[in-house]
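Text of the file entry-v2.cif, holding mmCIF, C-alpha atoms:
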```cif
data_structure
loop_
_atom_site.label_atom_id
_atom_site.label_comp_id
_atom_site.auth_asym_id
_atom_site.auth_seq_id
_atom_site.Cartn_x
_atom_site.Cartn_y
_atom_site.Cartn_z
CA MET A 3 -4.52 -31.62 18.95
CA ASN A 4 -7.77 -30.79 17.15
CA ILE A 5 -6.45 -27.25 16.69
CA GLN A 6 -3.41 -28.72 15.04
CA PHE A 7 -5.76 -30.77 12.94
CA LYS A 8 -7.66 -27.81 11.52
CA LYS A 9 -4.53 -25.87 10.87
CA GLY A 10 -2.84 -28.79 9.26
CA ALA A 11 -5.63 -29.91 6.97
CA LEU A 12 -5.42 -27.24 4.26
CA GLU A 13 -1.67 -26.85 4.54
CA LEU A 14 -1.24 -30.56 4.28
CA CYS A 15 -3.48 -30.72 1.20
CA VAL A 16 -1.54 -27.97 -0.57
CA LEU A 17 1.86 -29.44 0.26
CA ALA A 18 0.80 -32.97 -0.63
CA LEU A 19 -0.51 -31.86 -4.03
CA LEU A 20 2.71 -30.00 -4.76
CA ASN A 21 4.83 -32.95 -3.68
CA LYS A 22 3.83 -34.85 -6.81
CA GLN A 23 4.11 -32.04 -9.33
CA ASP A 24 4.01 -28.26 -9.68
CA HIS A 25 0.58 -26.70 -9.87
CA TYR A 26 -0.83 -23.25 -10.49
CA GLY A 27 -3.14 -21.58 -7.99
CA TYR A 28 -6.43 -22.31 -9.68
CA GLU A 29 -5.54 -25.97 -10.09
CA LEU A 30 -4.68 -26.30 -6.40
CA VAL A 31 -7.91 -24.64 -5.34
CA LYS A 32 -9.91 -26.81 -7.71
CA LYS A 33 -8.33 -30.08 -6.59
CA ILE A 34 -8.93 -29.27 -2.94
CA SER A 35 -12.44 -27.91 -3.30
CA ASP A 36 -13.48 -30.99 -5.30
CA GLN A 37 -12.88 -33.03 -2.17
CA ILE A 38 -13.48 -30.71 0.79
CA ALA A 39 -15.80 -27.75 1.39
CA ILE A 40 -13.54 -24.70 1.65
CA SER A 41 -13.89 -21.01 0.97
CA GLU A 42 -11.63 -20.99 -2.04
CA GLY A 43 -10.33 -17.48 -1.40
CA SER A 44 -8.55 -18.67 1.76
CA VAL A 45 -6.15 -20.78 -0.24
CA TYR A 46 -4.38 -17.73 -1.66
CA PRO A 47 -3.45 -16.14 1.68
CA LEU A 48 -2.24 -19.59 2.73
CA LEU A 49 -0.12 -19.89 -0.41
CA ARG A 50 1.46 -16.49 0.25
CA ARG A 51 2.23 -17.43 3.83
CA LEU A 52 3.82 -20.74 2.90
CA LYS A 53 5.83 -19.05 0.19
CA LYS A 54 7.17 -16.52 2.70
CA GLU A 55 8.12 -19.44 4.93
CA GLU A 56 10.11 -20.65 1.91
CA TYR A 57 8.20 -23.91 1.64
CA PHE A 58 7.87 -23.28 -2.08
CA THR A 59 8.94 -20.97 -4.87
CA THR A 60 6.87 -19.67 -7.77
CA TYR A 61 7.48 -19.18 -11.47
CA LEU A 62 5.38 -17.93 -14.34
CA GLN A 63 4.63 -20.11 -17.35
CA GLU A 64 2.67 -19.35 -20.50
CA SER A 65 -0.34 -21.51 -21.23
CA GLN A 66 -1.79 -22.39 -24.64
CA GLU A 67 -5.23 -21.02 -23.82
CA GLY A 68 -4.51 -17.64 -22.32
CA PRO A 69 -2.51 -15.58 -19.86
CA SER A 70 0.58 -16.96 -18.10
CA ARG A 71 0.06 -18.85 -14.90
CA LYS A 72 1.85 -18.74 -11.59
CA TYR A 73 3.15 -22.20 -10.72
CA TYR A 74 4.10 -23.28 -7.23
CA GLN A 75 7.09 -25.55 -6.72
CA LEU A 76 7.91 -27.30 -3.44
CA THR A 77 11.38 -26.59 -1.96
CA ASP A 78 13.45 -29.02 0.11
CA LYS A 79 12.39 -27.12 3.20
CA GLY A 80 8.77 -27.59 2.12
CA LYS A 81 9.27 -31.31 1.64
CA GLU A 82 10.70 -31.62 5.12
CA TYR A 83 7.77 -29.70 6.52
CA LEU A 84 5.35 -31.92 4.62
CA HIS A 85 6.89 -35.02 6.17
CA ASP A 86 6.60 -33.53 9.64
CA LEU A 87 2.96 -32.67 9.05
CA LEU A 88 2.27 -36.12 7.60
CA LYS A 89 3.68 -37.83 10.65
CA GLU A 90 1.54 -35.70 12.93
CA TRP A 91 -1.50 -36.28 10.80
CA GLN A 92 -1.09 -40.05 10.73
CA TYR A 93 -0.58 -40.18 14.45
CA PHE A 94 -3.67 -38.09 14.97
CA SER A 95 -5.96 -39.92 12.57
CA GLU A 96 -4.88 -43.35 13.83
CA GLY A 97 -5.82 -42.25 17.32
CA VAL A 98 -9.20 -40.97 16.23
CA ASN A 99 -9.94 -44.06 14.15
CA HIS A 100 -9.01 -46.30 17.01
CA ILE A 101 -11.38 -44.50 19.36
CA ILE A 102 -14.20 -44.48 16.83
CA LYS A 103 -13.81 -48.20 16.20
CA GLU A 104 -13.92 -48.98 19.89
CA GLY A 105 -16.84 -46.69 20.59
CA VAL A 106 -19.02 -47.72 17.68
CA SER A 107 -18.34 -51.49 17.65
CA ASN A 108 -19.35 -51.77 21.34
CA GLU A 109 -22.83 -50.45 20.68
CA MET B 29 -20.57 -9.91 -7.26
CA ASN B 30 -18.68 -9.92 -10.57
CA LYS B 31 -14.94 -9.94 -11.14
CA LYS B 32 -14.56 -6.18 -11.21
CA GLU B 33 -16.52 -5.68 -8.00
CA PHE B 34 -14.57 -8.44 -6.25
CA ILE B 35 -11.17 -7.11 -7.30
CA THR B 36 -12.08 -3.49 -6.52
CA SER B 37 -13.39 -4.44 -3.10
CA LEU B 38 -10.24 -6.38 -2.29
CA ASP B 39 -8.08 -3.57 -3.66
CA THR B 40 -9.62 -0.92 -1.40
CA ARG B 41 -9.33 -3.22 1.60
CA LEU B 42 -5.64 -3.82 1.04
CA GLN B 43 -4.50 -0.18 0.79
CA LYS B 44 -2.24 -0.67 3.82
CA LEU B 45 -0.04 -3.10 1.94
CA THR B 46 2.69 -1.92 -0.39
CA LYS B 47 1.72 -1.38 -4.01
CA GLU B 48 3.78 -4.34 -5.26
CA GLU B 49 2.35 -6.73 -2.72
CA ARG B 50 -1.20 -5.58 -3.41
CA GLN B 51 -0.75 -5.96 -7.15
CA ASP B 52 0.74 -9.39 -6.65
CA ILE B 53 -2.27 -10.50 -4.62
CA LEU B 54 -4.77 -9.01 -7.07
CA GLN B 55 -2.89 -10.67 -9.91
CA ASP B 56 -3.46 -14.06 -8.25
CA PHE B 57 -7.19 -13.43 -8.10
CA ASN B 58 -7.30 -12.02 -11.64
CA GLU B 59 -5.67 -15.22 -12.82
CA HIS B 60 -8.16 -17.26 -10.83
CA PHE B 61 -11.09 -15.48 -12.48
CA ASP B 62 -9.61 -15.76 -15.96
CA ILE B 63 -8.99 -19.50 -15.74
CA GLY B 64 -12.40 -20.05 -14.18
CA LYS B 65 -14.02 -18.23 -17.08
CA GLU B 66 -12.07 -20.32 -19.59
CA GLU B 67 -13.64 -23.33 -17.94
CA GLY B 68 -17.06 -21.85 -18.58
CA LYS B 69 -17.95 -20.51 -15.16
CA THR B 70 -19.56 -17.13 -14.71
CA GLU B 71 -17.81 -14.37 -12.76
CA GLU B 72 -20.54 -14.53 -10.15
CA GLU B 73 -20.05 -18.24 -9.58
CA ILE B 74 -16.32 -17.82 -9.20
CA ALA B 75 -16.67 -14.89 -6.79
CA HIS B 76 -19.18 -16.85 -4.75
CA SER B 77 -16.88 -19.84 -4.26
CA LEU B 78 -13.96 -17.57 -3.42
CA GLY B 79 -15.83 -16.28 -0.40
CA SER B 80 -16.04 -12.74 0.90
CA PRO B 81 -13.24 -10.24 0.20
CA SER B 82 -13.43 -9.16 3.84
CA GLN B 83 -12.41 -12.61 5.12
CA ILE B 84 -9.58 -12.77 2.59
CA GLU B 85 -8.52 -9.29 3.67
CA LYS B 86 -8.46 -10.32 7.33
CA GLU B 87 -6.28 -13.32 6.66
CA LEU B 88 -3.85 -11.34 4.51
CA LEU B 89 -3.62 -8.39 6.92
CA ALA B 90 -3.12 -10.60 9.95
CA SER B 91 -0.02 -12.17 8.44
CA TYR B 92 1.09 -8.72 7.25
CA TYR B 93 0.95 -7.20 10.74
CA VAL B 94 2.58 -10.17 12.39
CA GLU B 95 5.39 -9.97 9.85
CA LYS B 96 5.80 -6.26 10.46
CA VAL B 97 6.06 -6.74 14.20
CA GLU B 98 8.77 -9.31 13.59
CA SER B 99 10.97 -6.71 11.88
CA THR B 100 10.21 -3.77 14.21
CA SER B 101 8.46 -4.61 17.45
CA SER B 102 7.29 -1.20 18.65
CA ALA B 103 4.35 -1.07 21.06
CA GLY B 104 2.09 0.23 18.29
CA ASN B 105 3.05 -2.58 15.95
CA VAL B 106 2.47 -5.20 18.63
CA LEU B 107 -1.00 -3.80 19.33
CA LYS B 108 -1.89 -3.73 15.64
CA ALA B 109 -0.79 -7.32 15.20
CA VAL B 110 -2.76 -8.46 18.23
CA TRP B 111 -5.89 -6.70 16.97
CA ALA B 112 -5.49 -8.12 13.49
CA VAL B 113 -5.17 -11.68 14.79
CA ILE B 114 -8.12 -11.20 17.15
CA GLY B 115 -10.20 -9.94 14.23
CA LEU B 116 -9.78 -13.22 12.38
CA SER B 117 -12.43 -15.11 14.30
CA PHE B 118 -14.22 -15.37 17.61
CA PHE B 119 -12.00 -18.31 18.42
CA ASN B 120 -8.96 -16.05 18.22
CA LEU B 121 -10.61 -13.42 20.37
CA VAL B 122 -10.77 -15.97 23.16
CA ILE B 123 -7.35 -17.53 22.84
CA VAL B 124 -5.40 -14.35 22.03
CA LEU B 125 -6.99 -11.59 24.11
CA GLY B 126 -6.87 -13.44 27.44
CA PRO B 127 -3.17 -14.34 27.41
CA PHE B 128 -2.35 -10.91 25.94
CA ILE B 129 -4.06 -9.01 28.76
CA ALA B 130 -2.43 -11.25 31.37
CA LEU B 131 1.00 -10.77 29.82
CA VAL B 132 0.64 -7.00 29.52
CA SER B 133 -0.56 -6.62 33.12
CA VAL B 134 2.36 -8.64 34.48
CA ILE B 135 4.82 -6.55 32.48
CA VAL B 136 3.21 -3.24 33.45
CA ALA B 137 3.16 -4.29 37.11
CA GLY B 138 6.86 -5.18 36.95
CA TRP B 139 7.79 -1.83 35.42
CA VAL B 140 5.70 0.15 37.89
CA ALA B 141 7.22 -1.71 40.82
CA GLY B 142 10.75 -1.22 39.47
CA ALA B 143 10.21 2.48 38.78
CA SER B 144 8.72 3.21 42.19
CA PHE B 145 11.60 1.38 43.91
CA VAL B 146 14.10 3.44 41.98
CA LEU B 147 12.30 6.66 42.85
CA SER B 148 11.94 5.88 46.56
CA PRO B 149 14.97 8.02 47.66
CA LEU B 150 13.19 10.91 45.97
CA LEU B 151 10.14 10.28 48.13
CA PHE B 152 12.39 10.21 51.15
CA LEU B 153 13.81 13.63 50.20
CA ILE B 154 10.37 15.07 49.54
CA ASN B 155 9.25 13.83 52.92
CA LEU B 156 12.28 15.49 54.48
CA ALA B 157 11.60 18.77 52.67
CA VAL B 158 7.96 18.84 53.74
CA PHE B 159 8.51 17.66 57.34
CA PRO B 160 12.09 18.72 58.17
CA GLY B 161 11.94 17.28 61.71
CA THR B 162 11.39 13.68 60.72
CA PHE B 163 14.86 12.55 59.55
CA GLU B 164 15.34 8.83 60.16
CA PHE B 165 18.46 6.85 59.20
CA PHE B 166 16.36 3.76 58.79
CA ASP B 167 14.17 5.45 56.16
CA MET B 168 17.18 6.74 54.31
CA PHE B 169 19.00 3.41 54.12
CA PHE B 170 15.81 1.59 53.36
CA SER B 171 15.04 3.87 50.42
CA VAL B 172 18.60 3.60 49.09
CA THR B 173 18.36 -0.20 49.29
CA LEU B 174 15.02 -0.08 47.51
CA CYS B 175 16.56 2.10 44.82
CA GLY B 176 19.29 -0.47 44.19
CA LEU B 177 16.75 -3.25 44.16
CA GLY B 178 14.60 -1.21 41.77
CA LEU B 179 17.49 -0.86 39.34
CA LEU B 180 17.86 -4.65 39.31
CA VAL B 181 14.12 -5.04 38.74
CA VAL B 182 14.21 -2.56 35.85
CA ILE B 183 17.12 -4.39 34.22
CA GLY B 184 15.32 -7.67 34.72
CA MET B 185 12.16 -6.21 33.21
CA LEU B 186 14.09 -5.14 30.10
CA TYR B 187 14.90 -8.79 29.47
CA VAL B 188 11.44 -10.00 30.45
CA THR B 189 9.79 -7.52 28.08
CA ARG B 190 12.02 -8.47 25.19
CA PHE B 191 11.49 -12.14 25.82
CA ALA B 192 7.71 -11.73 26.21
CA THR B 193 7.48 -9.78 22.95
CA LYS B 194 9.27 -12.55 21.09
CA GLY B 195 7.03 -15.16 22.66
CA LEU B 196 3.94 -13.18 21.78
CA ILE B 197 5.03 -12.85 18.16
CA ARG B 198 5.54 -16.59 17.90
CA TYR B 199 2.16 -17.18 19.45
CA LEU B 200 0.50 -14.78 16.98
CA ASN B 201 2.22 -16.49 14.07
CA TYR B 202 0.97 -19.82 15.27
CA ASN B 203 -2.53 -18.35 15.50
CA VAL B 204 -2.54 -16.95 12.00
CA ASN B 205 -1.67 -20.42 10.77
CA LEU B 206 -4.34 -22.28 12.63
CA VAL B 207 -7.27 -19.96 11.99
CA LYS B 208 -9.78 -22.43 10.73
CA GLY B 209 -7.42 -23.26 7.92
CA GLY B 210 -9.98 -21.83 5.48
CA MET B 211 -12.50 -24.51 6.40
CA LYS B 212 -16.13 -23.62 5.99
CA SER B 213 -17.70 -23.79 9.41
#
```
Using structure tokens, write down the structure that the file contains.
Amino acid sequence: MNIQFKKGALELCVLALLNKQDHYGYELVKKISDQIAISEGSVYPLLRRLKKEEYFTTYLQESQEGPSRKYYQLTDKGKEYLHDLLKEWQYFSEGVNHIIKEGVSNE
Amino acid sequence: MNKKEFITSLDTRLQKLTKEERQDILQDFNEHFDIGKEEGKTEEEIAHSLGSPSQIEKELLASYYVEKVESTSSAGNVLKAVWAVIGLSFFNLVIVLGPFIALVSVIVAGWVAGASFVLSPLLFLINLAVFPGTFEFFDMFFSVTLCGLGLLVVIGMLYVTRFATKGLIRYLNYNVNLVKGGMKS
């Protein structure tokens, strides 16, 4: 399960962010790395992989400041996948929290 | 490392990919650098937080090889994919190489057994040619039976090999996805 946990963490973050609104790559990286220590470069291979799995599509959009940006948009398939991951994640974290509570409160 | 060094390094590492795919990837990183600079970061800072081009290369190539093996699963492609996934981390070395070696040995053993069964009448004939006085009906029928059995084994192995290849590909895919998930260790 902890393998699932590591795998899921970044994927889950990306999908959860895109669930609310479309984002471009830099924005996604920034939002994640503000909260968790990641090597930012790993997000891009992940994005490519998830796009090939058809969990989201991309489109280019001009920005006021400079060059056009590649936005990522969650597909229905991606939303389904997100819900599966969320369920797994909640199940997992509830279990861990439960054990921690028991272990630490008994000390 | 500045932007140019980072992009050039990644570019040379990704020569195996098609030109369009490589340009697409580099475009993503170009965009990342450009936006970062707009926000007032230096190229060095951005490159540092991106991590090493070699790790990014490994992650990209691993999915590339696994994809390739999904479209054409030749022995060479399977080997390349296995190596690429193993190269991702020590963790993968342990959980991929072991099962892979076990799987390959079982398959090789099956094929060798099947082939030798099929060829056993030939051995019987060679034996007869070398020692003409030793003809035995039992040996002859036994080798013919073995030959038939061997044909069944070979047919079975065809299915087993195909099935095992599919399973291996799924396992590799799963591995590419769980590799540390980009977490800093």
Pick out the residues sitting within 12 Å of Leu62 of chain A, and hand them over as a ChimeraX atom specification; count all atoms listed in the file, and ignore anything fewer than 5 positions along from it in its own chain.
/A:24-27,69-75 /B:55-56,59
I need the chain A residues near chain B as number ranges by chain; criterion: at most 10 Å, counting all atoms listed in the file.
A: 5-13, 26-29, 31-32, 35, 38-48, 50-52, 54, 67-72
As a check of understanding: the span from atom CA of Thr59 of chain A to atom CA of Leu196 of chain B is 28.2 Å
For this file, the PyMOL selection byres ((chain B and resi 29-39) around 6) selects which residues, as an NGL selection string?
:B and (40-42 or 71-72 or 81)
Using Å and a single decimal, report how far atom CA of Leu151 of chain B sits from atom CA of Asp167 of chain B.
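Taking atom CA of Asp167 of chain B as the start and atom CA of Leu151 of chain B as the end point, the length is 10.2 Å.
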With 4 Å on each side, where is the centre of the axis-aligned box around all listed atoms of segment 16-19 of chain A, and how long are its edges in Å to one decimal, as JSON?
```
{"center_x": 0.2, "center_y": -30.5, "center_z": -1.9, "size_x": 11.4, "size_y": 13.0, "size_z": 12.3}
```
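The space separating atom CA of Glu64 of chain A from atom CA of Gly80 of chain A comes to 24.8 Å.
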Just so the selection is clear, what residues does the PyMOL selection byres ((chain B and resi 174) around 9) cover here, as a ChimeraX atom specification?
/B:144-149,169-173,175-179
Test item: the PyMOL selection byres ((chain B and resi 186-190) around 12) resolved as a short mmCIF file (atom, residue, chain, number, x, y, z; two decimals) with C-alpha atoms, in the coordinates of the input:
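Saved file out.cif follows:
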```cif
data_model
loop_
_atom_site.label_atom_id
_atom_site.label_comp_id
_atom_site.auth_asym_id
_atom_site.auth_seq_id
_atom_site.Cartn_x
_atom_site.Cartn_y
_atom_site.Cartn_z
CA SER B 101 8.46 -4.61 17.45
CA SER B 102 7.29 -1.20 18.65
CA ALA B 103 4.35 -1.07 21.06
CA LEU B 131 1.00 -10.77 29.82
CA VAL B 132 0.64 -7.00 29.52
CA SER B 133 -0.56 -6.62 33.12
CA VAL B 134 2.36 -8.64 34.48
CA ILE B 135 4.82 -6.55 32.48
CA VAL B 136 3.21 -3.24 33.45
CA ALA B 137 3.16 -4.29 37.11
CA GLY B 138 6.86 -5.18 36.95
CA TRP B 139 7.79 -1.83 35.42
CA GLY B 142 10.75 -1.22 39.47
CA LEU B 179 17.49 -0.86 39.34
CA LEU B 180 17.86 -4.65 39.31
CA VAL B 181 14.12 -5.04 38.74
CA VAL B 182 14.21 -2.56 35.85
CA ILE B 183 17.12 -4.39 34.22
CA GLY B 184 15.32 -7.67 34.72
CA MET B 185 12.16 -6.21 33.21
CA PHE B 191 11.49 -12.14 25.82
CA ALA B 192 7.71 -11.73 26.21
CA THR B 193 7.48 -9.78 22.95
CA LYS B 194 9.27 -12.55 21.09
CA GLY B 195 7.03 -15.16 22.66
CA LEU B 196 3.94 -13.18 21.78
CA ILE B 197 5.03 -12.85 18.16
#
```
